[in-house]
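Asker: Below is the structure I would like to discuss, written out as structure tokens.
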Amino acid sequence: MSATVPQIDFSDRQAGYRALAQALEGLLAAEQDWLANAANTCALIHAVLPELNWVGFYFLRGGELVVGPFQGNPACVRIALGRGVCGTAAARGTLVNVPDVHAFAGHIACDPASRSELVVPLVTPQGLRGVLDLDSPRPGRFDAHDERGISELASIYLKASCF
């Protein structure tokens, strides 16, 4: 895939996510490096999906999540497992969708503009590798289409990347 960002219409959310998944597969097809793939995955998602103010990875290092490649404002560097939305998703090993981060007990406010958050854990047969985190300034931004779509993108990232 070229370095140009595809124009994807999300008026049909399911079709939009299919097109985004296809674009990500093409972008990552010739690369196996987990770090390079994480950087390009964030850049593509941030450029294509509307109403996002942060997209990034946190990777499990020494028993805590450490910020990896991202698009958006500077981020919290380290997050304990079980703390905040990212740490909760990592500790549970399940997707966490928070429509209003201000109502989430223990939310870590890295960017005060963020109002909703979607976090997908990155799990391989070897265990938890980290999380893919998306923030939006709009409350209730993420729905079931986003949950399925972002989970698929996380899966594409994991399949393409060698850890």
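Identifiers in this document derive from the order of the structure tokens: chains are assigned A, B, ..., residues are numbered from 1 separately in each chain, and ligands are numbered from 1 in order of occurrence.
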Leaving out range 96-99 of chain A and any residue of its chain fewer than 5 positions from it, which residues lie within 12 Å of it when counting only C-alpha atoms, given as an NGL selection string?

Answerer: :A and (82 or 84-91 or 104-105 or 107 or 114-121 or 131-148 or 150-151)

Asker: Give me the residues near range 46-60 of chain A as a compact mmCIF listing (two decimals) with N, CA and C atoms, in the first residue's frame, where near means some atom within 9 Å (using only C-alpha atoms) and where sequence neighbours in that chain fewer than 3 positions away do not count.

Answerer:
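This is the output file selection17.txt:
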# COMPACT_ATOMS: atom_id res chain seq x y z
N VAL A 5 -3.21 8.20 2.44
CA VAL A 5 -4.31 7.79 3.32
C VAL A 5 -5.56 7.59 2.47
N PRO A 6 -6.18 6.41 2.59
CA PRO A 6 -7.39 6.19 1.79
C PRO A 6 -8.56 7.02 2.30
N GLN A 7 -9.41 7.41 1.39
CA GLN A 7 -10.64 8.11 1.76
C GLN A 7 -11.72 7.04 1.95
N ILE A 8 -12.16 6.85 3.18
CA ILE A 8 -13.14 5.81 3.48
C ILE A 8 -14.40 6.45 4.01
N PHE A 10 -17.64 6.32 6.07
CA PHE A 10 -18.17 5.59 7.22
C PHE A 10 -19.68 5.80 7.41
N LEU A 20 -11.40 -0.20 5.91
CA LEU A 20 -10.26 0.15 6.76
C LEU A 20 -9.41 -1.09 7.07
N ALA A 38 2.98 -0.95 14.58
CA ALA A 38 2.18 -0.20 15.55
C ALA A 38 2.10 1.27 15.14
N ALA A 39 3.22 1.83 14.70
CA ALA A 39 3.23 3.23 14.28
C ALA A 39 2.29 3.46 13.10
N THR A 41 -0.20 1.53 12.09
CA THR A 41 -1.59 1.24 12.48
C THR A 41 -2.22 2.46 13.13
N CYS A 42 -1.52 3.08 14.06
CA CYS A 42 -2.04 4.29 14.72
C CYS A 42 -2.26 5.41 13.72
N ALA A 43 -1.29 5.62 12.85
CA ALA A 43 -1.40 6.72 11.89
C ALA A 43 -2.61 6.52 10.97
N GLY A 63 5.54 -5.91 33.82
CA GLY A 63 4.34 -5.95 34.64
C GLY A 63 3.49 -4.69 34.61
N GLU A 64 3.79 -3.75 33.70
CA GLU A 64 2.96 -2.55 33.56
C GLU A 64 2.86 -2.20 32.08
N LEU A 65 1.89 -1.36 31.75
CA LEU A 65 1.73 -0.89 30.38
C LEU A 65 2.60 0.34 30.16
N VAL A 66 3.36 0.33 29.05
CA VAL A 66 4.24 1.44 28.70
C VAL A 66 3.83 1.95 27.33
N VAL A 67 3.71 3.26 27.21
CA VAL A 67 3.23 3.86 25.96
C VAL A 67 4.14 3.47 24.79
N GLY A 68 3.49 3.19 23.68
CA GLY A 68 4.17 2.89 22.43
C GLY A 68 3.80 3.94 21.40
N PRO A 69 3.87 3.60 20.14
CA PRO A 69 3.50 4.55 19.10
C PRO A 69 2.06 5.04 19.27
N PHE A 70 1.86 6.32 18.97
CA PHE A 70 0.51 6.90 19.08
C PHE A 70 0.40 8.12 18.19
N GLN A 71 -0.84 8.57 18.02
CA GLN A 71 -1.16 9.82 17.33
C GLN A 71 -2.04 10.63 18.28
N GLY A 72 -1.66 11.85 18.54
CA GLY A 72 -2.41 12.71 19.45
C GLY A 72 -1.48 13.46 20.37
N ASN A 73 -2.05 14.05 21.41
CA ASN A 73 -1.25 14.79 22.39
C ASN A 73 -0.36 13.85 23.18
N ALA A 75 1.18 11.55 25.96
CA ALA A 75 0.38 10.59 26.72
C ALA A 75 1.03 10.23 28.05
N VAL A 77 2.87 7.84 30.35
CA VAL A 77 3.91 6.91 29.93
C VAL A 77 3.68 5.51 30.48
N ARG A 78 3.36 5.41 31.76
CA ARG A 78 3.21 4.09 32.40
C ARG A 78 1.85 3.98 33.08
N ILE A 79 1.21 2.82 32.89
CA ILE A 79 -0.09 2.57 33.51
C ILE A 79 -0.04 1.20 34.18
N CYS A 86 -7.27 1.61 30.29
CA CYS A 86 -6.28 0.72 29.66
C CYS A 86 -5.85 -0.40 30.60
N ALA A 90 -6.51 -4.44 30.15
CA ALA A 90 -5.36 -5.35 30.16
C ALA A 90 -5.51 -6.41 31.26
N ASP A 111 -5.42 13.30 28.63
CA ASP A 111 -5.86 14.43 27.82
C ASP A 111 -7.24 14.84 28.33
N ALA A 113 -9.39 16.63 27.16
CA ALA A 113 -10.40 16.73 26.11
C ALA A 113 -11.10 15.39 25.84
N SER A 114 -10.49 14.29 26.27
CA SER A 114 -11.09 12.98 26.03
C SER A 114 -12.34 12.80 26.86
N LEU A 122 -4.44 -6.71 23.47
CA LEU A 122 -3.68 -7.44 22.45
C LEU A 122 -3.20 -8.74 23.07
N LEU A 128 -0.85 -11.72 27.17
CA LEU A 128 -1.11 -10.30 26.94
C LEU A 128 0.15 -9.61 26.44
N ARG A 129 0.03 -8.85 25.35
CA ARG A 129 1.14 -8.07 24.80
C ARG A 129 0.96 -6.59 25.06
N GLY A 130 -0.29 -6.14 25.22
CA GLY A 130 -0.57 -4.73 25.43
C GLY A 130 -2.01 -4.43 25.10
N VAL A 131 -2.27 -3.16 24.76
CA VAL A 131 -3.62 -2.72 24.40
C VAL A 131 -3.54 -1.71 23.27
N LEU A 132 -4.63 -1.64 22.51
CA LEU A 132 -4.85 -0.59 21.52
C LEU A 132 -5.92 0.32 22.10
N ASP A 133 -5.61 1.60 22.22
CA ASP A 133 -6.45 2.57 22.93
C ASP A 133 -6.89 3.68 21.99
N LEU A 134 -8.20 3.97 21.98
CA LEU A 134 -8.75 5.07 21.20
C LEU A 134 -9.52 5.99 22.12
N ASP A 135 -9.30 7.29 21.99
CA ASP A 135 -10.02 8.29 22.77
C ASP A 135 -10.76 9.23 21.82
N SER A 136 -11.88 9.76 22.31
CA SER A 136 -12.66 10.72 21.54
C SER A 136 -13.10 11.87 22.43
N PRO A 137 -13.18 13.07 21.87
CA PRO A 137 -13.71 14.19 22.63
C PRO A 137 -15.24 14.16 22.73
N ARG A 138 -15.88 13.22 22.01
CA ARG A 138 -17.35 13.14 22.04
C ARG A 138 -17.80 12.02 22.98
N ARG A 141 -18.94 8.11 21.84
CA ARG A 141 -18.45 8.01 20.45
C ARG A 141 -18.42 6.58 19.94

Asker: Among range 50-158 of chain A, which residues carry a DSSP assignment of strand (DSSP E or B), reported as an mmCIF file with C-alpha atoms, in the first residue's frame?

Answerer:
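New file states-v8.cif:
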data_model
loop_
_atom_site.group_PDB
_atom_site.id
_atom_site.type_symbol
_atom_site.label_atom_id
_atom_site.label_comp_id
_atom_site.auth_asym_id
_atom_site.auth_seq_id
_atom_site.Cartn_x
_atom_site.Cartn_y
_atom_site.Cartn_z
ATOM 1 C CA TRP A 54 -5.879 9.967 20.434
ATOM 2 C CA VAL A 55 -5.000 6.523 19.059
ATOM 3 C CA GLY A 56 -2.152 4.500 20.448
ATOM 4 C CA PHE A 57 -0.619 1.372 21.804
ATOM 5 C CA TYR A 58 0.489 0.543 25.291
ATOM 6 C CA PHE A 59 2.752 -2.499 25.545
ATOM 7 C CA LEU A 60 3.248 -4.768 28.535
ATOM 8 C CA ARG A 61 6.738 -4.241 29.923
ATOM 9 C CA GLU A 64 2.962 -2.553 33.555
ATOM 10 C CA LEU A 65 1.732 -0.893 30.378
ATOM 11 C CA VAL A 66 4.243 1.438 28.703
ATOM 12 C CA VAL A 67 3.235 3.860 25.958
ATOM 13 C CA GLY A 68 4.174 2.889 22.431
ATOM 14 C CA PRO A 69 3.504 4.555 19.096
ATOM 15 C CA PHE A 70 0.513 6.902 19.077
ATOM 16 C CA GLN A 71 -1.163 9.821 17.328
ATOM 17 C CA GLY A 72 -2.412 12.715 19.449
ATOM 18 C CA ARG A 78 3.211 4.089 32.396
ATOM 19 C CA ILE A 79 -0.088 2.565 33.507
ATOM 20 C CA ALA A 80 -0.418 -0.110 36.177
ATOM 21 C CA VAL A 96 -13.592 -2.005 27.559
ATOM 22 C CA ASN A 97 -15.863 0.661 26.043
ATOM 23 C CA VAL A 98 -16.443 3.689 28.261
ATOM 24 C CA SER A 116 -15.056 8.481 25.714
ATOM 25 C CA GLU A 117 -12.592 5.636 25.331
ATOM 26 C CA LEU A 118 -12.347 2.222 23.692
ATOM 27 C CA VAL A 119 -9.548 -0.179 24.651
ATOM 28 C CA VAL A 120 -8.856 -3.549 23.005
ATOM 29 C CA PRO A 121 -6.366 -5.921 24.661
ATOM 30 C CA LEU A 122 -3.681 -7.437 22.445
ATOM 31 C CA VAL A 123 -3.565 -11.116 23.344
ATOM 32 C CA THR A 124 -1.483 -13.771 21.589
ATOM 33 C CA GLY A 127 -0.387 -14.012 26.612
ATOM 34 C CA LEU A 128 -1.105 -10.297 26.938
ATOM 35 C CA ARG A 129 1.137 -8.072 24.802
ATOM 36 C CA GLY A 130 -0.567 -4.728 25.429
ATOM 37 C CA VAL A 131 -3.616 -2.725 24.400
ATOM 38 C CA LEU A 132 -4.848 -0.589 21.516
ATOM 39 C CA ASP A 133 -6.449 2.566 22.932
ATOM 40 C CA LEU A 134 -8.748 5.073 21.197
ATOM 41 C CA ASP A 135 -10.018 8.291 22.765
ATOM 42 C CA SER A 136 -12.662 10.722 21.538
#

Asker: Need the shell around Leu153 in chain A: protein/DNA/RNA residues with any atom at most 9 Å away, counting only C-alpha atoms. Skip same-chain ones fewer than 6 positions apart. Format as number ranges by chain?

Answerer: A: 17, 20-21, 24-25, 41, 45

Asker: Using only C-alpha atoms, which residue out of A:Asn40, A:Gln126, A:Asp12, A:Arg83 lies closest to Phe163 in chain A?

Answerer: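 Comparing A:Asn40, A:Gln126, A:Asp12, A:Arg83 against Phe163 in chain A, the winner is A:Gln126.
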
Asker: Nearest residue to Cys76 in chain A out of A:Ala23, A:Ala109, A:Gly93, A:Ser161, using only C-alpha atoms?

Answerer: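 Selected residue with least distance to Cys76 in chain A: A:Ala109.
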
Asker: What parts of chain A does DSSP call helix (DSSP H, G or I)? I'd like the answer as JSON, numbers by chain.

Answerer: {"A": [13, 14, 15, 16, 17, 18, 19, 20, 21, 22, 23, 24, 25, 26, 27, 28, 34, 35, 36, 37, 38, 39, 40, 41, 42, 43, 44, 45, 46, 47, 48, 84, 85, 86, 87, 88, 89, 90, 91, 92, 101, 102, 103, 144, 145, 146, 147, 148, 149, 150, 151, 152, 153, 154, 155, 156, 157, 158, 159, 160]}

Asker: Pick out the closest residue to Gly26 in chain A from this set: A:Leu95, A:Pro112, A:Thr4, A:Ala103. Count only C-alpha atoms.

Answerer: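 So, comparing all the options, the nearest one is A:Thr4.
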
Asker: When you look at Lys159 in chain A with a cut-off of 9 Å (counting only C-alpha atoms), what residues show up, excluding the ones that are within fewer than 4 positions of it in the same chain? I need them as an MDAnalysis selection string.

Answerer: chainID A and resid 32 154:155

Asker: Let me see the file: selected residues, C-alpha atoms, as a CSV table (one decimal), in the first residue's frame.

Answerer:
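Below is the file again25.csv, written as the result:
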chain,number,residue,atom,x,y,z
A,32,GLN,CA,6.7,-7.8,10.4
A,154,ALA,CA,-6.1,-5.2,16.5
A,155,SER,CA,-6.2,-8.8,15.2
